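Worksheet for the structure shown next.
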Amino acid sequence: MNQAWNNSNLTRLAEKIKSPLVFAHVRASTAGSLSQDNCHPWNFGRLMWMHNGGIADIAKFKRRLQARLTDELYNFPQGNTDSEWAFALYLSMLSDPHASTFDQHELRGAMLKTISTLNDWARDCDITEPSLMNFCVTDGHTVVATRYISSKKDEAASLYFSSGTTFDEYAPGGHYRMSKCDKRENIIMIASEPLTFEAADWMEIPTNTLIVVTPKPTLQMNLLQIPIVDEFHLSDPLEAKKRGSDFAVQKGFLGSAFGPRRGKVTASGTQSPAHMSEDVKEEGEDDDDHDVGEDEERLEAREVPPV
């Protein structure tokens with residue numbers, strides 16, 4: 001399997017695939033082995049999940065996490081990443097993870113409970129290293145994402161969004177840009193790092209923020225940014241600006257428009273960003289096993305099932 005930027009299969013597939021909602025993830029492993037089972041995103045029923053970051057010292061409370069799960073959710077993770085276990089924990093926060101539809105408030109509430117529970121367990125285990133919890137989940141209708149770190153002095157892993165009416169290739173070689181022909185927002189893209197060199201198209205999401213994307217009845221999209229108010233919240237904007245970037249940079253999770261392409265991508269709208277995908281998997285297909293070199297990154301994109 002080749003990298004996303006050097007994969008001929010990607011180019012052929014991406015030109016043919018359209019979806020109103022796409023999840024894509026480039027994985028450079030920080031926890032868990034290099035294997036197909038450990039590749040984001042994962043899905044359970046209507047829900048799809050991915051994570052950019054790392055949960056510090058999860059082994060210290062992993063038994064506690066597992067004990068909280070039903071037998072079904074305990075047996076759900078097939079890999080050995082902190083990210084997949086966080087998904088299992090998230091599913092346990094829902095009244096019925098098998099539901100065919102979800103209220104956006106329940107998806108938001110489960111996300112906040114997941115973060116709060118992980119923080120509680122870290123505190124109980126005297127874990128002092130911050131956890132980087134940029135989570136993203138969807139039911140095929142609503143997208144809930146976070147830019148979060150369990151620290152009052154550090155920046156979280158980077159996260160940006162771009163919105164507009166069209167996302168088109170304006171020059172050969174994969175040069176794309178978001179266009180705003182009017183006030184409508186037909187497309188919303190959330191990415192760990194800007195996907196284009198058009199810096200004005202991308203807005204940085206503040207640290208410790210919850211993002212909710214919902215469709216409007218007029219086929220437009222709506223994006224809300226909600227501060228996560230907990231023990232790591234900084235209400236003073238001036239204090240928030242003093243957060244340092246050293247920790248996220250050291251972990252390799254703080255990027256800019258000209259940084260390395262790594263992390264998660266969510267695209268909602270009437271067009272799909274075809275240049276993001278390396279492996280496109282329809283729900284229900286079997287994956288072939290692939291060996292990935294130690295220094296390789298993998299991107300997996302999956303189409304979210306239509307509502």
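Simple scheme: letters A, B, ... for chains in structure tokens order, numbers from 1 for residues in each chain, numbers from 1 for ligands in the order shown.
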
| Quick one: residues within 12 Å of Ser163 (chain A), only C-alpha atoms counted, chain neighbours fewer than 2 positions away excluded, as an MDAnalysis selection string? | chainID A and resid 160:161 165:167 177:191 194 200:203 213 220:223 266:271

With N, CA, C and O atoms retained, export the selected residues as a CSV table (one decimal), in the first residue's frame.
```csv
chain,number,residue,atom,x,y,z
A,160,TYR,N,-9.0,22.8,11.9
A,160,TYR,CA,-9.4,23.9,11.0
A,160,TYR,C,-10.8,23.5,10.4
A,160,TYR,O,-11.1,22.4,10.2
A,161,PHE,N,-11.5,24.6,9.9
A,161,PHE,CA,-12.6,24.3,9.0
A,161,PHE,C,-12.7,25.3,7.9
A,161,PHE,O,-12.1,26.4,8.0
A,165,THR,N,-19.5,27.4,-1.1
A,165,THR,CA,-20.5,26.9,-2.0
A,165,THR,C,-20.0,25.8,-3.0
A,165,THR,O,-20.7,24.9,-3.4
A,166,THR,N,-18.7,25.9,-3.3
A,166,THR,CA,-18.1,24.9,-4.2
A,166,THR,C,-16.6,24.7,-3.8
A,166,THR,O,-16.0,25.6,-3.2
A,167,PHE,N,-16.1,23.5,-4.1
A,167,PHE,CA,-14.7,23.2,-3.8
A,167,PHE,C,-14.2,22.6,-5.1
A,167,PHE,O,-14.5,21.4,-5.4
A,177,ARG,N,-9.5,24.9,-4.2
A,177,ARG,CA,-9.8,26.0,-3.4
A,177,ARG,C,-11.3,26.1,-3.1
A,177,ARG,O,-12.1,25.6,-3.9
A,178,MET,N,-11.7,26.6,-2.0
A,178,MET,CA,-13.1,26.8,-1.6
A,178,MET,C,-13.6,28.1,-2.2
A,178,MET,O,-12.9,29.1,-2.1
A,179,SER,N,-14.7,28.1,-2.8
A,179,SER,CA,-15.3,29.3,-3.4
A,179,SER,C,-16.6,29.7,-2.7
A,179,SER,O,-17.4,28.8,-2.3
A,180,LYS,N,-16.8,31.0,-2.5
A,180,LYS,CA,-18.0,31.5,-1.8
A,180,LYS,C,-18.7,32.3,-2.8
A,180,LYS,O,-18.5,33.5,-2.9
A,181,CYS,N,-19.6,31.7,-3.6
A,181,CYS,CA,-20.3,32.4,-4.6
A,181,CYS,C,-21.5,33.3,-4.0
A,181,CYS,O,-21.9,34.2,-4.6
A,182,ASP,N,-21.9,32.9,-2.8
A,182,ASP,CA,-23.0,33.6,-2.2
A,182,ASP,C,-22.9,33.3,-0.7
A,182,ASP,O,-21.9,32.8,-0.2
A,183,LYS,N,-23.9,33.6,0.1
A,183,LYS,CA,-23.9,33.4,1.5
A,183,LYS,C,-24.2,31.9,1.9
A,183,LYS,O,-24.1,31.6,3.1
A,184,ARG,N,-24.5,31.1,1.0
A,184,ARG,CA,-24.8,29.7,1.3
A,184,ARG,C,-23.6,28.9,1.7
A,184,ARG,O,-22.5,29.3,1.3
A,185,GLU,N,-23.7,28.0,2.6
A,185,GLU,CA,-22.7,27.0,2.9
A,185,GLU,C,-23.1,25.6,2.5
A,185,GLU,O,-23.7,24.9,3.3
A,186,ASN,N,-22.8,25.3,1.3
A,186,ASN,CA,-23.2,24.0,0.8
A,186,ASN,C,-22.1,22.9,1.2
A,186,ASN,O,-22.4,21.7,1.2
A,187,ILE,N,-20.9,23.3,1.5
A,187,ILE,CA,-19.8,22.4,1.9
A,187,ILE,C,-19.2,22.9,3.1
A,187,ILE,O,-18.9,24.1,3.3
A,188,ILE,N,-18.9,22.0,4.1
A,188,ILE,CA,-18.1,22.3,5.3
A,188,ILE,C,-17.1,21.2,5.4
A,188,ILE,O,-17.4,20.0,5.3
A,189,MET,N,-15.8,21.6,5.5
A,189,MET,CA,-14.7,20.7,5.6
A,189,MET,C,-14.0,21.0,6.9
A,189,MET,O,-13.7,22.1,7.3
A,190,ILE,N,-13.8,19.9,7.7
A,190,ILE,CA,-13.0,20.0,9.0
A,190,ILE,C,-11.8,19.2,8.8
A,190,ILE,O,-11.9,18.0,8.4
A,191,ALA,N,-10.6,19.7,9.1
A,191,ALA,CA,-9.4,19.0,8.8
A,191,ALA,C,-8.4,19.4,9.9
A,191,ALA,O,-8.3,20.5,10.5
A,194,PRO,N,-5.0,22.6,7.2
A,194,PRO,CA,-5.6,23.0,5.9
A,194,PRO,C,-5.1,22.1,4.7
A,194,PRO,O,-4.0,21.8,4.6
A,200,ALA,N,-6.7,32.0,3.4
A,200,ALA,CA,-7.9,32.7,3.8
A,200,ALA,C,-9.1,31.8,3.8
A,200,ALA,O,-10.1,32.2,4.4
A,201,ASP,N,-9.0,30.6,3.2
A,201,ASP,CA,-10.2,29.7,3.2
A,201,ASP,C,-10.4,29.0,4.5
A,201,ASP,O,-11.4,28.4,4.7
A,202,TRP,N,-9.4,29.0,5.4
A,202,TRP,CA,-9.4,28.1,6.6
A,202,TRP,C,-9.4,29.0,7.8
A,202,TRP,O,-8.7,29.9,8.0
A,203,MET,N,-10.3,28.5,8.8
A,203,MET,CA,-10.4,29.1,10.1
A,203,MET,C,-10.0,28.2,11.1
A,203,MET,O,-10.4,27.0,11.1
A,213,VAL,N,-21.8,20.0,13.2
A,213,VAL,CA,-22.3,20.3,11.8
A,213,VAL,C,-23.6,19.6,11.6
A,213,VAL,O,-23.7,18.4,11.7
A,220,GLN,N,-28.5,23.5,2.9
A,220,GLN,CA,-27.2,24.1,3.3
A,220,GLN,C,-26.8,23.5,4.6
A,220,GLN,O,-27.4,22.6,5.2
A,221,MET,N,-25.6,23.8,5.0
A,221,MET,CA,-25.0,23.3,6.2
A,221,MET,C,-24.8,24.3,7.3
A,221,MET,O,-24.7,25.5,7.0
A,222,ASN,N,-24.8,23.9,8.5
A,222,ASN,CA,-24.7,24.8,9.7
A,222,ASN,C,-23.6,24.3,10.6
A,222,ASN,O,-23.6,23.1,10.9
A,223,LEU,N,-22.7,25.2,11.0
A,223,LEU,CA,-21.6,24.8,11.9
A,223,LEU,C,-21.7,25.6,13.2
A,223,LEU,O,-21.7,26.8,13.1
A,266,THR,N,-13.0,15.6,7.7
A,266,THR,CA,-14.4,15.4,7.5
A,266,THR,C,-14.9,16.4,6.5
A,266,THR,O,-14.6,17.6,6.6
A,267,ALA,N,-15.7,15.9,5.6
A,267,ALA,CA,-16.3,16.7,4.5
A,267,ALA,C,-17.8,16.5,4.5
A,267,ALA,O,-18.2,15.3,4.3
A,268,SER,N,-18.6,17.5,4.6
A,268,SER,CA,-20.0,17.4,4.4
A,268,SER,C,-20.5,18.4,3.4
A,268,SER,O,-20.0,19.6,3.4
A,269,GLY,N,-21.3,18.0,2.5
A,269,GLY,CA,-21.8,18.9,1.5
A,269,GLY,C,-22.3,18.2,0.3
A,269,GLY,O,-22.5,16.9,0.2
A,270,THR,N,-22.4,18.9,-0.8
A,270,THR,CA,-22.9,18.4,-2.1
A,270,THR,C,-21.8,17.8,-2.9
A,270,THR,O,-22.1,17.2,-3.9
A,271,GLN,N,-20.5,18.1,-2.6
A,271,GLN,CA,-19.4,17.5,-3.4
A,271,GLN,C,-18.5,16.8,-2.4
A,271,GLN,O,-18.4,17.1,-1.2
```

| message | Give me the residues near Arg123 (chain A) as number ranges by chain, where near means some atom within 12 Å (using only C-alpha atoms) and where sequence neighbours in that chain fewer than 5 positions away do not count. | response | A: 56-58, 60-61, 116-118, 128-131, 150-151, 231

I need the chosen residues saved as an mmCIF file, in the first residue's frame, with N, CA and C atoms.
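Contents of part_31.cif, freshly written:
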```cif
data_model
loop_
_atom_site.group_PDB
_atom_site.id
_atom_site.type_symbol
_atom_site.label_atom_id
_atom_site.label_comp_id
_atom_site.auth_asym_id
_atom_site.auth_seq_id
_atom_site.Cartn_x
_atom_site.Cartn_y
_atom_site.Cartn_z
ATOM 1 N N ALA A 56 -3.165 9.768 27.106
ATOM 2 C CA ALA A 56 -1.946 9.511 27.871
ATOM 3 C C ALA A 56 -2.132 8.349 28.848
ATOM 4 N N ASP A 57 -1.179 7.422 28.823
ATOM 5 C CA ASP A 57 -1.120 6.317 29.788
ATOM 6 C C ASP A 57 -2.456 5.583 29.941
ATOM 7 N N ILE A 58 -3.116 5.322 28.852
ATOM 8 C CA ILE A 58 -4.424 4.657 28.922
ATOM 9 C C ILE A 58 -4.318 3.271 29.552
ATOM 10 N N LYS A 60 -3.050 2.472 32.210
ATOM 11 C CA LYS A 60 -3.244 2.541 33.657
ATOM 12 C C LYS A 60 -4.713 2.429 34.057
ATOM 13 N N PHE A 61 -5.614 2.761 33.143
ATOM 14 C CA PHE A 61 -7.039 2.646 33.497
ATOM 15 C C PHE A 61 -7.839 1.869 32.443
ATOM 16 N N SER A 116 -15.016 13.741 29.751
ATOM 17 C CA SER A 116 -15.030 13.917 31.197
ATOM 18 C C SER A 116 -14.616 12.630 31.916
ATOM 19 N N THR A 117 -15.107 11.488 31.442
ATOM 20 C CA THR A 117 -14.783 10.210 32.076
ATOM 21 C C THR A 117 -13.299 9.883 31.932
ATOM 22 N N LEU A 118 -12.754 10.109 30.751
ATOM 23 C CA LEU A 118 -11.323 9.874 30.545
ATOM 24 C C LEU A 118 -10.490 10.779 31.441
ATOM 25 N N THR A 128 -0.209 12.833 34.766
ATOM 26 C CA THR A 128 0.001 14.276 34.611
ATOM 27 C C THR A 128 0.181 14.706 33.161
ATOM 28 N N GLU A 129 0.543 13.770 32.284
ATOM 29 C CA GLU A 129 0.699 14.139 30.872
ATOM 30 C C GLU A 129 -0.661 14.414 30.260
ATOM 31 N N PRO A 130 -0.814 15.501 29.520
ATOM 32 C CA PRO A 130 -2.104 15.809 28.894
ATOM 33 C C PRO A 130 -2.472 14.789 27.821
ATOM 34 N N SER A 131 -3.770 14.613 27.643
ATOM 35 C CA SER A 131 -4.283 13.789 26.543
ATOM 36 C C SER A 131 -4.779 14.698 25.429
ATOM 37 N N SER A 150 -6.356 17.980 27.664
ATOM 38 C CA SER A 150 -6.589 18.025 29.112
ATOM 39 C C SER A 150 -5.479 18.821 29.793
ATOM 40 N N SER A 151 -5.419 20.094 29.442
ATOM 41 C CA SER A 151 -4.392 20.994 29.967
ATOM 42 C C SER A 151 -4.891 22.423 29.878
ATOM 43 N N GLU A 231 -12.639 21.776 33.803
ATOM 44 C CA GLU A 231 -11.498 22.227 34.611
ATOM 45 C C GLU A 231 -10.364 22.778 33.760
#
```

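Here CA of Ile149 (chain A) stands at a distance of 9.1 Å from CA of Gly53 (chain A).
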
| message | Based on the backbone DSSP call, show me all residues of region 8-227 of chain A assigned strand (DSSP E), as a VMD selection string. | response | chain A and resid 21 to 27 42 to 44 47 to 54 132 to 138 143 to 147 160 to 164 166 to 171 175 to 179 187 to 191 203 to 204 209 to 215 221 to 227

| query | When DSSP works through the backbone of this structure, what residues of region 41-289 of chain A end up as helix (DSSP H, G or I), shown as a PyMOL selection string? | reply | chain A and resi 58-60+62-68+71-74+82-92+104-124+199-201+237-240+246-251+274-276

| request: Kindly give the distance, in Å, that separates CA of Gly79 (chain A) and CA of Asp124 (chain A), rounded to a single decimal. | output: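 Those two atoms sit 25.8 Å apart.
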
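Distances from A:Glu169, A:Pro215, A:Val229, A:Leu91 to Thr196 (chain A) were compared using only C-alpha atoms, and the smallest one belongs to A:Glu169.
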